[in-house]
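A.B. asks: File run.cif below, mmCIF, C-alpha atoms:
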data_entry
loop_
_atom_site.group_PDB
_atom_site.id
_atom_site.type_symbol
_atom_site.label_atom_id
_atom_site.label_comp_id
_atom_site.auth_asym_id
_atom_site.auth_seq_id
_atom_site.Cartn_x
_atom_site.Cartn_y
_atom_site.Cartn_z
ATOM 1 C CA MET A 1 0.000 0.000 0.000
ATOM 2 C CA VAL A 2 2.842 2.384 0.843
ATOM 3 C CA SER A 3 4.542 1.730 -2.495
ATOM 4 C CA ILE A 4 1.277 2.438 -4.347
ATOM 5 C CA ARG A 5 0.901 5.742 -2.523
ATOM 6 C CA ARG A 6 4.482 6.685 -3.328
ATOM 7 C CA PHE A 7 3.920 5.847 -6.984
ATOM 8 C CA ALA A 8 0.751 7.981 -7.073
ATOM 9 C CA VAL A 9 2.517 10.920 -5.430
ATOM 10 C CA ALA A 10 5.410 10.616 -7.888
ATOM 11 C CA ALA A 11 3.011 10.511 -10.849
ATOM 12 C CA VAL A 12 1.199 13.651 -9.701
ATOM 13 C CA ALA A 13 4.537 15.396 -9.170
ATOM 14 C CA LEU A 14 5.633 14.548 -12.720
ATOM 15 C CA ILE A 15 2.388 15.949 -14.150
ATOM 16 C CA LEU A 16 2.749 19.177 -12.173
ATOM 17 C CA MET A 17 6.380 19.516 -13.260
ATOM 18 C CA SER A 18 5.361 19.070 -16.903
ATOM 19 C CA VAL A 19 2.688 21.791 -16.705
ATOM 20 C CA SER A 20 5.052 24.111 -14.823
ATOM 21 C CA ALA A 21 7.792 23.623 -17.399
ATOM 22 C CA HIS A 22 5.468 24.868 -20.127
ATOM 23 C CA ALA A 23 3.936 27.773 -18.222
ATOM 24 C CA GLY A 24 4.135 31.164 -19.873
ATOM 25 C CA LEU A 25 3.832 29.716 -23.372
ATOM 26 C CA ARG A 26 3.574 32.242 -26.207
ATOM 27 C CA PHE A 27 2.313 31.680 -29.743
ATOM 28 C CA SER A 28 1.817 33.769 -32.864
ATOM 29 C CA SER A 29 0.535 33.508 -36.399
ATOM 30 C CA THR A 30 0.596 35.517 -39.596
ATOM 31 C CA ALA A 31 -2.626 34.840 -41.480
ATOM 32 C CA SER A 32 -3.153 35.035 -45.232
ATOM 33 C CA GLY A 33 -5.788 34.211 -47.806
ATOM 34 C CA ALA A 34 -3.430 31.851 -49.595
ATOM 35 C CA GLN A 35 -3.786 29.111 -47.007
ATOM 36 C CA PRO A 36 -6.126 26.220 -47.848
ATOM 37 C CA PRO A 37 -8.483 24.434 -47.695
ATOM 38 C CA ASN A 38 -10.803 26.956 -49.374
ATOM 39 C CA PRO A 39 -9.087 29.937 -51.008
ATOM 40 C CA PRO A 40 -11.482 32.851 -50.449
ATOM 41 C CA ALA A 41 -12.703 35.423 -52.902
ATOM 42 C CA PRO A 42 -10.517 38.556 -53.028
ATOM 43 C CA GLY A 43 -11.101 40.748 -50.006
ATOM 44 C CA LEU A 44 -9.829 43.891 -48.326
ATOM 45 C CA ILE A 45 -7.507 42.332 -45.760
ATOM 46 C CA GLU A 46 -3.868 42.900 -46.670
ATOM 47 C CA GLY A 47 -2.418 41.177 -43.615
ATOM 48 C CA ALA A 48 -3.327 39.886 -40.171
ATOM 49 C CA SER A 49 -1.252 38.714 -37.229
ATOM 50 C CA VAL A 50 -2.026 37.507 -33.743
ATOM 51 C CA GLU A 51 0.071 36.877 -30.662
ATOM 52 C CA VAL A 52 -1.011 35.155 -27.449
ATOM 53 C CA GLU A 53 0.577 34.522 -24.072
ATOM 54 C CA PHE A 54 -0.633 32.171 -21.333
ATOM 55 C CA ASP A 55 -0.168 32.932 -17.665
ATOM 56 C CA ASP A 56 1.648 30.486 -15.382
ATOM 57 C CA GLY A 57 -1.550 28.840 -14.195
ATOM 58 C CA PHE A 58 -3.179 28.620 -17.641
ATOM 59 C CA SER A 59 -6.146 30.559 -16.276
ATOM 60 C CA VAL A 60 -5.732 33.559 -18.583
ATOM 61 C CA MET A 61 -4.608 33.981 -22.188
ATOM 62 C CA ALA A 62 -3.601 37.457 -23.354
ATOM 63 C CA VAL A 63 -4.430 38.093 -27.013
ATOM 64 C CA ARG A 64 -3.559 40.813 -29.494
ATOM 65 C CA LEU A 65 -4.836 40.709 -33.068
ATOM 66 C CA LEU A 66 -3.780 43.212 -35.738
ATOM 67 C CA VAL A 67 -5.505 43.445 -39.121
ATOM 68 C CA ASP A 68 -4.465 45.616 -42.050
ATOM 69 C CA GLY A 69 -7.545 46.357 -44.152
ATOM 70 C CA GLY A 70 -10.076 45.179 -41.590
ATOM 71 C CA GLU A 71 -13.031 47.345 -42.558
ATOM 72 C CA ASN A 72 -15.201 44.326 -43.429
ATOM 73 C CA VAL A 73 -14.048 42.036 -40.594
ATOM 74 C CA THR A 74 -16.993 40.432 -38.814
ATOM 75 C CA ALA A 75 -15.382 37.824 -36.527
ATOM 76 C CA ALA A 76 -12.122 36.167 -35.480
ATOM 77 C CA HIS A 77 -11.664 32.806 -33.799
ATOM 78 C CA PHE A 78 -9.221 30.052 -32.878
ATOM 79 C CA HIS A 79 -10.327 26.903 -34.693
ATOM 80 C CA CYS A 80 -9.328 23.283 -34.204
ATOM 81 C CA GLY A 81 -7.632 21.952 -37.294
ATOM 82 C CA ARG A 82 -4.368 20.945 -38.870
ATOM 83 C CA ALA A 83 -2.792 22.931 -41.703
ATOM 84 C CA ALA A 84 -4.929 22.728 -44.859
ATOM 85 C CA ALA A 85 -7.927 21.431 -42.887
ATOM 86 C CA GLY A 86 -10.958 23.249 -41.546
ATOM 87 C CA GLY A 87 -12.507 22.756 -38.137
ATOM 88 C CA PRO A 88 -14.868 24.159 -35.508
ATOM 89 C CA VAL A 89 -14.359 27.237 -33.347
ATOM 90 C CA ALA A 90 -12.714 26.265 -30.051
ATOM 91 C CA PHE A 91 -12.297 29.775 -28.619
ATOM 92 C CA GLY A 92 -13.698 32.957 -30.126
ATOM 93 C CA LEU A 93 -11.934 36.313 -29.981
ATOM 94 C CA PHE A 94 -15.048 38.250 -31.005
ATOM 95 C CA ALA A 95 -18.420 37.415 -32.573
ATOM 96 C CA PRO A 96 -18.517 35.340 -30.486
ATOM 97 C CA GLY A 97 -15.899 36.219 -27.911
ATOM 98 C CA PRO A 98 -15.057 38.786 -25.241
ATOM 99 C CA LEU A 99 -12.843 41.104 -27.306
ATOM 100 C CA THR A 100 -13.821 44.242 -29.216
ATOM 101 C CA PHE A 101 -12.484 44.882 -32.721
ATOM 102 C CA ASP A 102 -11.987 48.546 -33.682
ATOM 103 C CA GLY A 103 -11.334 47.997 -37.382
ATOM 104 C CA SER A 104 -7.629 47.283 -37.006
ATOM 105 C CA GLU A 105 -6.991 45.730 -33.594
ATOM 106 C CA ALA A 106 -8.526 43.584 -30.879
ATOM 107 C CA SER A 107 -6.753 42.898 -27.597
ATOM 108 C CA GLY A 108 -7.688 41.543 -24.207
ATOM 109 C CA ILE A 109 -7.967 38.259 -22.376
ATOM 110 C CA LEU A 110 -9.660 34.919 -22.812
ATOM 111 C CA THR A 111 -10.397 32.501 -19.975
ATOM 112 C CA ASN A 112 -11.768 28.975 -19.697
ATOM 113 C CA LYS A 113 -15.259 30.486 -19.770
ATOM 114 C CA ASN A 114 -14.727 31.407 -23.421
ATOM 115 C CA TYR A 115 -14.575 27.774 -24.572
ATOM 116 C CA SER A 116 -17.149 27.439 -27.342
ATOM 117 C CA GLY A 117 -18.320 23.929 -26.501
ATOM 118 C CA ALA A 118 -17.012 22.526 -29.792
ATOM 119 C CA ASP A 119 -15.952 18.870 -29.999
ATOM 120 C CA CYS A 120 -12.487 18.700 -31.538
ATOM 121 C CA VAL A 121 -11.750 15.049 -30.734
ATOM 122 C CA GLY A 122 -12.937 13.609 -34.034
ATOM 123 C CA LEU A 123 -10.857 16.095 -36.010
ATOM 124 C CA ILE A 124 -7.551 16.336 -34.128
ATOM 125 C CA GLY A 125 -7.771 13.379 -31.775
ATOM 126 C CA ARG A 126 -8.041 15.340 -28.528
ATOM 127 C CA PRO A 127 -10.392 17.700 -26.717
ATOM 128 C CA VAL A 128 -9.743 21.435 -26.670
ATOM 129 C CA ASN A 129 -12.040 22.541 -23.868
ATOM 130 C CA ASN A 130 -9.886 24.780 -21.638
ATOM 131 C CA LEU A 131 -6.798 26.966 -21.881
ATOM 132 C CA VAL A 132 -4.373 24.183 -20.942
ATOM 133 C CA SER A 133 -5.604 21.976 -23.771
ATOM 134 C CA LEU A 134 -5.672 24.982 -26.116
ATOM 135 C CA ALA A 135 -2.034 25.817 -25.341
ATOM 136 C CA PHE A 136 -0.818 22.287 -25.962
ATOM 137 C CA ALA A 137 -2.899 21.956 -29.116
ATOM 138 C CA MET A 138 -1.284 25.181 -30.369
ATOM 139 C CA ARG A 139 2.109 23.736 -29.506
ATOM 140 C CA ASP A 140 1.376 20.707 -31.661
ATOM 141 C CA GLY A 141 0.165 22.745 -34.649
ATOM 142 C CA LEU A 142 -3.503 21.849 -34.216
ATOM 143 C CA ILE A 143 -5.001 25.344 -33.867
ATOM 144 C CA TYR A 144 -5.395 28.071 -36.469
ATOM 145 C CA LEU A 145 -6.542 31.683 -36.447
ATOM 146 C CA ASN A 146 -9.419 32.446 -38.792
ATOM 147 C CA VAL A 147 -10.524 36.015 -39.572
ATOM 148 C CA HIS A 148 -13.997 36.269 -41.133
ATOM 149 C CA THR A 149 -15.352 39.122 -43.239
ATOM 150 C CA SER A 150 -18.604 40.109 -44.898
ATOM 151 C CA ASP A 151 -16.987 39.267 -48.252
ATOM 152 C CA ASN A 152 -15.802 35.864 -46.981
ATOM 153 C CA PRO A 153 -18.056 34.695 -44.131
ATOM 154 C CA SER A 154 -16.255 31.347 -43.803
ATOM 155 C CA GLY A 155 -12.915 33.099 -43.418
ATOM 156 C CA GLU A 156 -10.795 35.497 -45.465
ATOM 157 C CA VAL A 157 -7.378 34.857 -43.906
ATOM 158 C CA ARG A 158 -6.088 32.059 -41.689
ATOM 159 C CA GLY A 159 -2.822 30.892 -40.169
ATOM 160 C CA GLN A 160 -1.590 28.060 -37.936
ATOM 161 C CA MET A 161 -0.497 29.064 -34.436
ATOM 162 C CA LEU A 162 3.252 28.556 -33.870
ATOM 163 C CA GLU A 163 5.209 28.645 -30.632
ATOM 164 C CA ASN A 164 7.469 31.627 -29.955
ATOM 165 C CA SER A 165 10.913 30.718 -28.642
ATOM 166 C CA GLY A 166 12.016 34.005 -27.053
ATOM 167 C CA PRO A 167 11.083 35.318 -23.605
ATOM 168 C CA ALA A 168 7.963 37.450 -23.295
ATOM 169 C CA GLY A 169 8.499 40.997 -24.504
ATOM 170 C CA SER A 170 11.676 40.152 -26.404
ATOM 171 C CA GLY A 171 10.240 40.057 -29.930
ATOM 172 C CA ASP A 172 11.887 37.543 -32.253
ATOM 173 C CA GLY A 173 15.392 38.369 -31.143
ATOM 174 C CA ASP A 174 16.258 40.378 -34.273
ATOM 175 C CA ASP A 175 14.659 43.742 -33.526
ATOM 176 C CA ASP A 176 16.549 46.647 -32.008
ATOM 177 C CA ASP A 177 15.042 48.509 -29.069
ATOM 178 C CA ASP A 178 14.793 51.728 -31.040
ATOM 179 C CA ASP A 179 12.604 50.049 -33.663
ATOM 180 C CA ASP A 180 9.627 49.679 -31.316
ATOM 181 C CA ASP A 181 7.451 52.091 -33.288
ATOM 182 C CA ASP A 182 7.664 49.835 -36.341
ATOM 183 C CA ASP A 183 6.809 46.573 -34.574
ATOM 184 C CA ASP A 184 3.096 46.591 -35.355
ATOM 185 C CA ASP A 185 3.587 46.960 -39.103
ATOM 186 C CA ALA A 186 6.362 44.369 -39.065
ATOM 187 C CA GLY A 187 4.090 42.008 -37.166
ATOM 188 C CA MET A 188 1.454 42.104 -39.873
ATOM 189 C CA SER A 189 3.796 41.739 -42.827
ATOM 190 C CA MET A 190 6.630 39.615 -41.458
ATOM 191 C CA GLY A 191 5.237 37.738 -38.484
ATOM 192 C CA HIS A 192 7.451 39.487 -35.917
ATOM 193 C CA SER A 193 6.385 39.609 -32.283
ATOM 194 C CA PHE A 194 4.212 42.484 -31.132
ATOM 195 C CA ARG A 195 6.054 42.415 -27.790
ATOM 196 C CA LEU A 196 2.778 41.475 -26.147
ATOM 197 C CA SER A 197 2.874 41.243 -22.377
ATOM 198 C CA LEU A 198 0.288 39.940 -19.958
ATOM 199 C CA LYS A 199 0.746 43.200 -18.064
ATOM 200 C CA GLU A 200 -0.798 45.061 -21.007
ATOM 201 C CA VAL A 201 -4.114 43.261 -20.802
ATOM 202 C CA LEU A 202 -4.462 41.776 -17.315
ATOM 203 C CA PRO A 203 -5.932 45.014 -15.901
ATOM 204 C CA ALA A 204 -8.894 44.359 -18.176
ATOM 205 C CA LYS A 205 -9.673 41.105 -16.361
ATOM 206 C CA THR A 206 -12.947 41.190 -14.497
ATOM 207 C CA ASN A 207 -13.419 39.498 -11.136
#
Output the file's structure as structure tokens, nothing else.

C.D. replies:
Amino acid sequence: MVSIRRFAVAAVALILMSVSAHAGLRFSSTASGAQPPNPPAPGLIEGASVEVEFDDGFSVMAVRLLVDGGENVTAAHFHCGRAAAGGPVAFGLFAPGPLTFDGSEASGILTNKNYSGADCVGLIGRPVNNLVSLAFAMRDGLIYLNVHTSDNPSGEVRGQMLENSGPAGSGDGDDDDDDDDDDDDAGMSMGHSFRLSLKEVLPAKTN
């Protein structure tokens, strides 16, 4: 009985160590209309990029979306799906979702409450029903950003979420500090980090 208890304690410790080792994960994507499965009709969006950062407890995800030519944008979501495959909305940024889009940007936080209820198991072989599962699905290339417009209701631009390797607030490691004013434009056209920080959006969290 003692050995079984020790084994159980050790197993729990290994799980906690694994989650802790991946805390603070950051991901980004540069979306385009050239990505399959269904190339959309020509639209107004010239570029779109998103960056996200998870807090240490995976209870909050900070999000910043930038869109160049977003006049006709109607919604933006994180969908389950591999590259070149479509899938359901797992977490919505807006419409549905908690963020507000001003025509060029949407930023704020998502929590476990923003899970859409979608079943992703049949498509990617695992559930995506909370922020922990969302983070690890992003890490394995199973989540994509989809930006919808009135011209292309099913999605005008999309891009797979990819893990960022640098520390939060460091960009991609190639930008100089005095180039901060150009980061947003670079993010949309070249996929560079927006230097998103949880500190920028956590004050917006409601109790």

A.B. asks: Looking at A:Gly122, A:Gly108, A:Gly155, A:Pro127, which one is nearest to A:Val60, with distances taken over only C-alpha atoms?

C.D. replies: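 Checking each candidate against A:Val60, we get A:Gly108 as the closest.
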
A.B. asks: Quick one: of A:Tyr115, A:Phe94, A:Phe78, A:Phe101, who's nearest to A:Leu66, counting only C-alpha atoms?

C.D. replies: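 Of A:Tyr115, A:Phe94, A:Phe78, A:Phe101, the one nearest A:Leu66, counting only C-alpha atoms, is A:Phe101.
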
A.B. asks: Let me know the residues the PyMOL selection byres ((chain A and resi 39-42) around 8) catches in the file above, as a PyMOL selection string.

C.D. replies: chain A and resi 33-38+43-44+151-152+155-157

A.B. asks: What's the separation between atom CA of A:Gly87 and atom CA of A:Asp55, in Å to one decimal place?

C.D. replies: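 Atom CA of A:Asp55 lies 26.0 Å from atom CA of A:Gly87.
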
A.B. asks: Please enumerate the residues selected by the PyMOL selection byres ((chain A and resi 72) around 9) when evaluated against the supplied file, formatted as a VMD selection string.

C.D. replies: chain A and resid 43 to 45 69 to 71 73 to 74 103 148 to 151

A.B. asks: Measuring atom to atom with all atoms listed in the file, identify which of A:Ala76, A:Met138, A:Met161, A:Val67 is nearest to A:Ser104.

C.D. replies: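 Between A:Ala76, A:Met138, A:Met161, A:Val67, the residue approaching A:Ser104 most closely is A:Val67.
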